[in-house]
Amino acid sequence: MYSPQSLHRWGITHSDSMERLAYSQALRDPMTMERSNLLNMAKLSIKGLIESALSFGRTLDSDYPPLQQFFVVMEHCLKHGLKVKKSFLGYNKSLWGPLEMVEKLCPEASEIAASVRDLPGLKTPLGRARAWLRLALMQKKLADYLRCLITRKDLLSEFYECSAVMVEEEGAVIVGLLVGLNVIDANLCVKGEDLDTQVGVIDFSMYLKNDIDDYRSEERNGQIAAILDQKNYVEELNRQLNSTVHGLQGRVDSLEKSNTKLIEELAIAKNNIIKLQEENHQLRNENTVILMKTQQHLAVSQGDVDVELDTYKQSRQGLDEMYNEARRQLREECQLRQDVENELVVQVSMKQEMELAMKLLEKDIHEKQDTLIGLRHQLDEVKAINVEMYQKMQRSDDNLKQKNDIITRLEEKTNQITATMKQLEQRLQEAERDRWSAEDGARKFKQDFANKADCLQKQISQRETQLLQLETDLKIEKEWRQTLQNDLERERETVAQLSAEAQQINGLKKEFHRLQDENRQLQGICREQEQALQELGCKLSESKLKIEDIKEANKALQGGQVWLNDKDATHCKLCEKEFSISRRKHHCRNCGEIFCNACSDNELPLPASPKPVRVCDTCHALLLQRCSSNAT
């Protein structure tokens, strides 16, 4: 416990009225008084160490007295307000617990912690904590490590009480003073020292001042303070610039990678277009080959038809069966015609939809990228193919109409032929009946009237003349039948021609189906290219987000961030609660506004600072969303 008279004797003066009020409050509360005394001792030890090190002019050893006193003062500051923990050996206070947590908060401290654990001469937690402080000072990162520890009040509450130095504002002040120790170069041998059994006693004689040296020390302090401020400012600027340069380099690399990927995708799309054109040429060649084969099949079918005509002359039944087959084929061709007409209607509607879709695709492609103009030529070719198919279908419709007219005429002729055939059959039956009746009458006349031979001979002569007439009639009927058979043969030839044309229609139908498949493939390719365009749009939006991040980083480097003054804010910007002694003000390092602790209890690394800093809830959500979009 240190009194204010002793502090005044050591050269510490409270010029400000606010410090006097704070000190008067500290007299009432013993913990606050201890904190203020430890803060003053830390200021004296750090100041004396920096002055002596600069005047000493070389690296400091472990035997240097001001350096030993600095470690003793830091040990007292870290021990202040430590909670007593129960163990098997009893109750103890350990500094190694909170210092060991720095390894989890800052990954750079893992090397120090590992080297401290591997030291063979250290057996107690206090010795490990002392070795850790010396190694952190040699690395010139003692202030950074302790700053990471102070920012996590939830972790400190496990080791320290509420009124400890490390939890209150005095701890932040001490950490800020430790930044000045980065000027000092120290070379400490931790292995040879007995850190477990050292006794930490503060030597106040080093900090007592003479009246003669006050003026010199003040000038020297002013020069040292100016030098330290300049050095700290330059180091902070270097750190910020290095962090921003690394961030910008990473973003530039990512943008270059994305550009190379886009170029590769464009090359792949062009290769796909060339392959599709080659496939179209191959399909056209195959169509020509198929047409040649169909012509050969038609020639073979004509030979078969000639053979069938010879067989038709031999039997009447074959003619009837062929006639029935011709009717059945006519019905099938009518059904095929109806199917083709329905498919034509569907294809016309599909063509209209395809034209609308192609127009929309052309508009999207014009808006998104000019480099995909080759797709339009492909789409124009598809349109030309569709127009050719439409013209072919119209021609086939006209041919079908002509064939239907021919079929109707053939049906009329066949009906006439059947009618004449029925009449001839009736005449033949009547002639046969007359003949049978004449023969019966002759027999009867021979048996019954032998005496009337002359009369019968006359009658026979008459009948013979009648028979001659009937034979001439039969010859005429046979000639008429041959003409009918010739007409039937001609009709069969027309039916064969119609069947050949039906086969051609089937071939056209197959070609139509193949073109439909090609259409579907082209639609699939268009869909894939639309997906590629959507992916390009996503990548462009991601690049825009990255450019906005770079702009924000440049703004942060150029000082474009508006830092709100403490006097201008009386309420929290989010919850609008009034600030008081218990509800303190905190700046958001991203937007510069002032919030309470509840609304700004977030930490994220920013482009201006690679280490996590305090951020408000809104900025935290925006930054996380941006990071997630960059990650996808």
# chains A, B, ... in the order shown; residues from 1 in each chain; ligands from 1
$ residues_around --residues "Glu464 of chain A" --least-positions-apart "5" --cutoff "12 Å" --atoms "only C-alpha atoms" --output "PyMOL selection string"
chain A and resi 435+438-439+442+456-459+469-471
$ closest_atom_pairs --of "segment 387-477 of chain A" --to "segment 376-382 of chain A" --cutoff "12 Å" --atoms "only C-alpha atoms" --output "Markdown table"
| residue | atom | partner | partner_atom | distance |
| --- | --- | --- | --- | --- |
| A:Val387 | CA | A:Val382 | CA | 8.6 |
| A:Glu388 | CA | A:Val382 | CA | 9.8 |
| A:Met389 | CA | A:Val382 | CA | 10.4 |
$ write_last_selection --atoms "N, CA, C and O atoms" --output "mmCIF file, in the first residue's frame"
data_model
loop_
_atom_site.group_PDB
_atom_site.id
_atom_site.type_symbol
_atom_site.label_atom_id
_atom_site.label_comp_id
_atom_site.auth_asym_id
_atom_site.auth_seq_id
_atom_site.Cartn_x
_atom_site.Cartn_y
_atom_site.Cartn_z
ATOM 1 N N VAL A 387 -37.494 -23.537 -90.428
ATOM 2 C CA VAL A 387 -38.241 -23.041 -91.599
ATOM 3 C C VAL A 387 -38.237 -24.096 -92.709
ATOM 4 O O VAL A 387 -39.260 -24.341 -93.371
ATOM 5 N N GLU A 388 -37.050 -24.726 -92.945
ATOM 6 C CA GLU A 388 -36.990 -25.782 -93.946
ATOM 7 C C GLU A 388 -37.914 -26.946 -93.606
ATOM 8 O O GLU A 388 -38.618 -27.475 -94.468
ATOM 9 N N MET A 389 -37.924 -27.302 -92.328
ATOM 10 C CA MET A 389 -38.825 -28.378 -91.886
ATOM 11 C C MET A 389 -40.280 -27.983 -92.093
ATOM 12 O O MET A 389 -41.120 -28.804 -92.494
#
$ residues_around --residues "segment 414-418 of chain A" --least-positions-apart "5" --cutoff "10 Å" --atoms "only C-alpha atoms" --output "VMD selection string"
chain A and resid 323 408 to 409 423 to 424 481 484 to 485 487 to 488 491
$ write_last_selection --atoms "all heavy atoms" --output "JSON list (two decimals), in the first residue's frame"
[["chain", "number", "residue", "atom", "x", "y", "z"],
["A", 323, "TYR", "N", -57.36, -56.30, -102.26],
["A", 323, "TYR", "CA", -58.25, -55.15, -102.19],
["A", 323, "TYR", "C", -58.53, -54.75, -100.75],
["A", 323, "TYR", "O", -58.51, -53.56, -100.37],
["A", 323, "TYR", "CB", -59.54, -55.49, -102.92],
["A", 323, "TYR", "CG", -60.57, -54.38, -102.90],
["A", 323, "TYR", "CD1", -60.38, -53.24, -103.68],
["A", 323, "TYR", "CD2", -61.69, -54.46, -102.10],
["A", 323, "TYR", "CE1", -61.29, -52.22, -103.67],
["A", 323, "TYR", "CE2", -62.62, -53.45, -102.08],
["A", 323, "TYR", "CZ", -62.42, -52.32, -102.87],
["A", 323, "TYR", "OH", -63.33, -51.31, -102.84],
["A", 408, "THR", "N", -59.54, -41.31, -103.43],
["A", 408, "THR", "CA", -61.00, -41.23, -103.59],
["A", 408, "THR", "C", -61.43, -41.65, -105.00],
["A", 408, "THR", "O", -62.44, -42.37, -105.19],
["A", 408, "THR", "CB", -61.46, -39.79, -103.30],
["A", 408, "THR", "OG1", -60.70, -38.88, -104.09],
["A", 408, "THR", "CG2", -61.27, -39.45, -101.84],
["A", 409, "ARG", "N", -60.65, -41.21, -106.01],
["A", 409, "ARG", "CA", -60.96, -41.61, -107.37],
["A", 409, "ARG", "C", -60.86, -43.13, -107.54],
["A", 409, "ARG", "O", -61.70, -43.78, -108.20],
["A", 409, "ARG", "CB", -60.02, -40.92, -108.35],
["A", 409, "ARG", "CG", -60.25, -39.42, -108.45],
["A", 409, "ARG", "CD", -59.19, -38.80, -109.33],
["A", 409, "ARG", "NE", -59.33, -37.34, -109.35],
["A", 409, "ARG", "CZ", -58.45, -36.51, -109.94],
["A", 409, "ARG", "NH1", -57.39, -37.04, -110.57],
["A", 409, "ARG", "NH2", -58.66, -35.21, -109.93],
["A", 423, "GLN", "N", -72.84, -57.70, -112.03],
["A", 423, "GLN", "CA", -73.75, -57.87, -113.17],
["A", 423, "GLN", "C", -73.33, -59.04, -114.06],
["A", 423, "GLN", "O", -74.16, -59.85, -114.51],
["A", 423, "GLN", "CB", -73.79, -56.58, -113.98],
["A", 423, "GLN", "CG", -74.50, -55.44, -113.27],
["A", 423, "GLN", "CD", -74.46, -54.15, -114.08],
["A", 423, "GLN", "OE1", -73.90, -54.14, -115.19],
["A", 423, "GLN", "NE2", -75.05, -53.09, -113.52],
["A", 424, "LEU", "N", -72.01, -59.13, -114.35],
["A", 424, "LEU", "CA", -71.51, -60.22, -115.18],
["A", 424, "LEU", "C", -71.77, -61.58, -114.53],
["A", 424, "LEU", "O", -72.11, -62.57, -115.21],
["A", 424, "LEU", "CB", -70.03, -60.04, -115.46],
["A", 424, "LEU", "CG", -69.67, -58.89, -116.40],
["A", 424, "LEU", "CD1", -68.15, -58.69, -116.40],
["A", 424, "LEU", "CD2", -70.14, -59.20, -117.82],
["A", 481, "ARG", "N", -63.92, -58.83, -118.91],
["A", 481, "ARG", "CA", -63.25, -59.22, -117.65],
["A", 481, "ARG", "C", -61.76, -58.94, -117.71],
["A", 481, "ARG", "O", -61.14, -58.49, -116.74],
["A", 481, "ARG", "CB", -63.51, -60.70, -117.39],
["A", 481, "ARG", "CG", -63.04, -61.17, -116.04],
["A", 481, "ARG", "CD", -63.48, -62.60, -115.81],
["A", 481, "ARG", "NE", -63.05, -63.07, -114.52],
["A", 481, "ARG", "CZ", -63.28, -64.29, -114.05],
["A", 481, "ARG", "NH1", -63.97, -65.15, -114.79],
["A", 481, "ARG", "NH2", -62.85, -64.65, -112.87],
["A", 484, "LEU", "N", -61.24, -55.41, -117.14],
["A", 484, "LEU", "CA", -61.37, -55.11, -115.70],
["A", 484, "LEU", "C", -60.11, -55.51, -114.93],
["A", 484, "LEU", "O", -59.66, -54.81, -114.01],
["A", 484, "LEU", "CB", -62.59, -55.84, -115.12],
["A", 484, "LEU", "CG", -63.96, -55.29, -115.55],
["A", 484, "LEU", "CD1", -65.06, -56.20, -115.03],
["A", 484, "LEU", "CD2", -64.16, -53.87, -115.02],
["A", 485, "GLN", "N", -59.54, -56.66, -115.31],
["A", 485, "GLN", "CA", -58.31, -57.10, -114.64],
["A", 485, "GLN", "C", -57.16, -56.12, -114.91],
["A", 485, "GLN", "O", -56.36, -55.81, -114.02],
["A", 485, "GLN", "CB", -57.93, -58.51, -115.13],
["A", 485, "GLN", "CG", -58.81, -59.61, -114.56],
["A", 485, "GLN", "CD", -58.42, -60.97, -115.07],
["A", 485, "GLN", "OE1", -57.54, -61.08, -115.93],
["A", 485, "GLN", "NE2", -59.08, -62.00, -114.55],
["A", 487, "ASP", "N", -57.55, -52.98, -115.49],
["A", 487, "ASP", "CA", -57.81, -51.79, -114.63],
["A", 487, "ASP", "C", -57.39, -52.05, -113.18],
["A", 487, "ASP", "O", -56.84, -51.17, -112.50],
["A", 487, "ASP", "CB", -59.29, -51.44, -114.70],
["A", 487, "ASP", "CG", -59.69, -50.92, -116.08],
["A", 487, "ASP", "OD1", -58.82, -50.30, -116.75],
["A", 487, "ASP", "OD2", -60.87, -51.10, -116.45],
["A", 488, "LEU", "N", -57.67, -53.29, -112.73],
["A", 488, "LEU", "CA", -57.27, -53.62, -111.36],
["A", 488, "LEU", "C", -55.76, -53.60, -111.20],
["A", 488, "LEU", "O", -55.22, -53.18, -110.16],
["A", 488, "LEU", "CB", -57.83, -55.01, -110.98],
["A", 488, "LEU", "CG", -59.33, -55.06, -110.67],
["A", 488, "LEU", "CD1", -59.78, -56.50, -110.53],
["A", 488, "LEU", "CD2", -59.64, -54.29, -109.39],
["A", 491, "GLU", "N", -54.76, -50.14, -110.94],
["A", 491, "GLU", "CA", -55.07, -49.65, -109.57],
["A", 491, "GLU", "C", -54.07, -50.19, -108.57],
["A", 491, "GLU", "O", -53.67, -49.49, -107.63],
["A", 491, "GLU", "CB", -56.48, -50.10, -109.20],
["A", 491, "GLU", "CG", -57.57, -49.34, -109.94],
["A", 491, "GLU", "CD", -58.94, -49.87, -109.64],
["A", 491, "GLU", "OE1", -59.03, -50.86, -108.88],
["A", 491, "GLU", "OE2", -59.91, -49.30, -110.14]]
$ closest_residue --among "A:Ile385, A:Ala532, A:Cys588, A:Leu468" --to "Pro612 of chain A" --atoms "only C-alpha atoms"
A:Cys588
$ select_by_dssp --residues "segment 34-271 of chain A" --states "strand (DSSP E)" --output "tab-separated table (two decimals) with all heavy atoms, in the first residue's frame"
chain	number	residue	atom	x	y	z
A	85	LYS	N	-7.64	-20.27	-6.27
A	85	LYS	CA	-8.17	-21.53	-6.75
A	85	LYS	C	-7.76	-22.66	-5.83
A	85	LYS	O	-6.64	-22.70	-5.32
A	85	LYS	CB	-7.69	-21.81	-8.17
A	85	LYS	CG	-8.31	-20.88	-9.20
A	85	LYS	CD	-7.98	-21.33	-10.59
A	85	LYS	CE	-8.67	-20.43	-11.60
A	85	LYS	NZ	-8.39	-20.86	-12.97
A	86	LYS	N	-8.68	-23.59	-5.64
A	86	LYS	CA	-8.44	-24.73	-4.76
A	86	LYS	C	-7.81	-25.86	-5.55
A	86	LYS	O	-8.25	-26.20	-6.64
A	86	LYS	CB	-9.75	-25.18	-4.15
A	86	LYS	CG	-9.59	-26.25	-3.07
A	86	LYS	CD	-10.95	-26.57	-2.47
A	86	LYS	CE	-10.80	-27.63	-1.37
A	86	LYS	NZ	-12.10	-27.98	-0.78
A	91	TYR	N	-4.69	-23.85	-1.36
A	91	TYR	CA	-5.16	-22.69	-2.11
A	91	TYR	C	-3.96	-21.94	-2.67
A	91	TYR	O	-2.98	-21.70	-1.97
A	91	TYR	CB	-5.98	-21.77	-1.20
A	91	TYR	CG	-7.24	-22.41	-0.69
A	91	TYR	CD1	-7.26	-23.07	0.54
A	91	TYR	CD2	-8.40	-22.37	-1.45
A	91	TYR	CE1	-8.43	-23.67	1.00
A	91	TYR	CE2	-9.58	-22.96	-0.98
A	91	TYR	CZ	-9.58	-23.61	0.24
A	91	TYR	OH	-10.72	-24.19	0.69
A	92	ASN	N	-4.04	-21.53	-3.94
A	92	ASN	CA	-2.91	-20.82	-4.56
A	92	ASN	C	-3.44	-19.85	-5.61
A	92	ASN	O	-4.57	-19.97	-6.09
A	92	ASN	CB	-1.91	-21.80	-5.20
A	92	ASN	CG	-2.57	-22.63	-6.28
A	92	ASN	OD1	-3.78	-22.59	-6.44
A	92	ASN	ND2	-1.78	-23.39	-7.01
$ atom_distance --atom1 "atom CA of Arg626 of chain A" --atom2 "atom CA of Leu564 of chain A"
24.6 Å
$ atom_distance --atom1 "atom CA of Pro120 of chain A" --atom2 "atom CA of Lys191 of chain A"
8.0 Å
$ residues_around --residues "segment 345-355 of chain A" --least-positions-apart "5" --cutoff "12 Å" --atoms "only C-alpha atoms" --output "PyMOL selection string"
chain A and resi 338-340+360-362+379-380+382-387+389-391+393-394+512-513+515-516+519-520+522-523+526
$ closest_residue --among "A:Pro605, A:Pro610, A:Gly171, A:Gly97" --to "Cys627 of chain A" --atoms "only C-alpha atoms"
A:Pro605
$ closest_residue --among "A:Val190, A:Met74, A:Ser163, A:Leu67" --to "Arg35 of chain A" --atoms "only C-alpha atoms"
A:Ser163
$ select_by_dssp --residues "segment 112-336 of chain A" --states "helix (DSSP H, G or I)" --output "ChimeraX atom specification"
/A:112-118,125-139,142-151,153-156,169-183,204-207,214-314,316-336
$ closest_atom_pairs --of "segment 108-200 of chain A" --to "segment 40-44 of chain A" --cutoff "12 Å" --atoms "only C-alpha atoms" --output "tab-separated table"
residue	atom	partner	partner_atom	distance
A:Val165	CA	A:Ala42	CA	11.5
A:Glu170	CA	A:Asn40	CA	9.8
A:Gly171	CA	A:Ala42	CA	10.3
A:Val173	CA	A:Lys43	CA	9.3
A:Ile174	CA	A:Ala42	CA	6.9
A:Val175	CA	A:Ala42	CA	10.0
A:Gly176	CA	A:Lys43	CA	10.5
A:Leu177	CA	A:Lys43	CA	7.3
A:Leu178	CA	A:Ala42	CA	9.2
A:Gly180	CA	A:Lys43	CA	11.0
A:Leu181	CA	A:Lys43	CA	11.8
$ write_last_selection --atoms "C-alpha atoms" --output "PDB file, in the first residue's frame"
ATOM      1  CA  VAL A 165      -6.212  -4.066 -12.620  1.00  0.00           C
ATOM      2  CA  GLU A 170      -5.943   0.791 -15.669  1.00  0.00           C
ATOM      3  CA  GLY A 171      -5.105  -2.476 -17.443  1.00  0.00           C
ATOM      4  CA  VAL A 173      -3.608   2.095 -19.897  1.00  0.00           C
ATOM      5  CA  ILE A 174      -0.741  -0.212 -18.893  1.00  0.00           C
ATOM      6  CA  VAL A 175      -1.069  -2.162 -22.157  1.00  0.00           C
ATOM      7  CA  GLY A 176      -0.924   1.120 -24.061  1.00  0.00           C
ATOM      8  CA  LEU A 177       2.274   2.066 -22.192  1.00  0.00           C
ATOM      9  CA  LEU A 178       3.819  -1.289 -23.071  1.00  0.00           C
ATOM     10  CA  GLY A 180       6.738   1.962 -26.097  1.00  0.00           C
ATOM     11  CA  LEU A 181       8.869  -1.042 -25.108  1.00  0.00           C
TER      12      LEU A 181
END
$ closest_residue --among "A:Ala164, A:Leu283, A:Lys261, A:Thr151" --to "Val613 of chain A" --atoms "only C-alpha atoms"
A:Thr151
$ atom_distance --atom1 "atom CA of Leu400 of chain A" --atom2 "atom CA of Gln503 of chain A"
12.4 Å
$ closest_residue --among "A:Glu108, A:Glu535, A:Glu75, A:Glu168" --to "Ser36 of chain A" --atoms "only C-alpha atoms"
A:Glu168
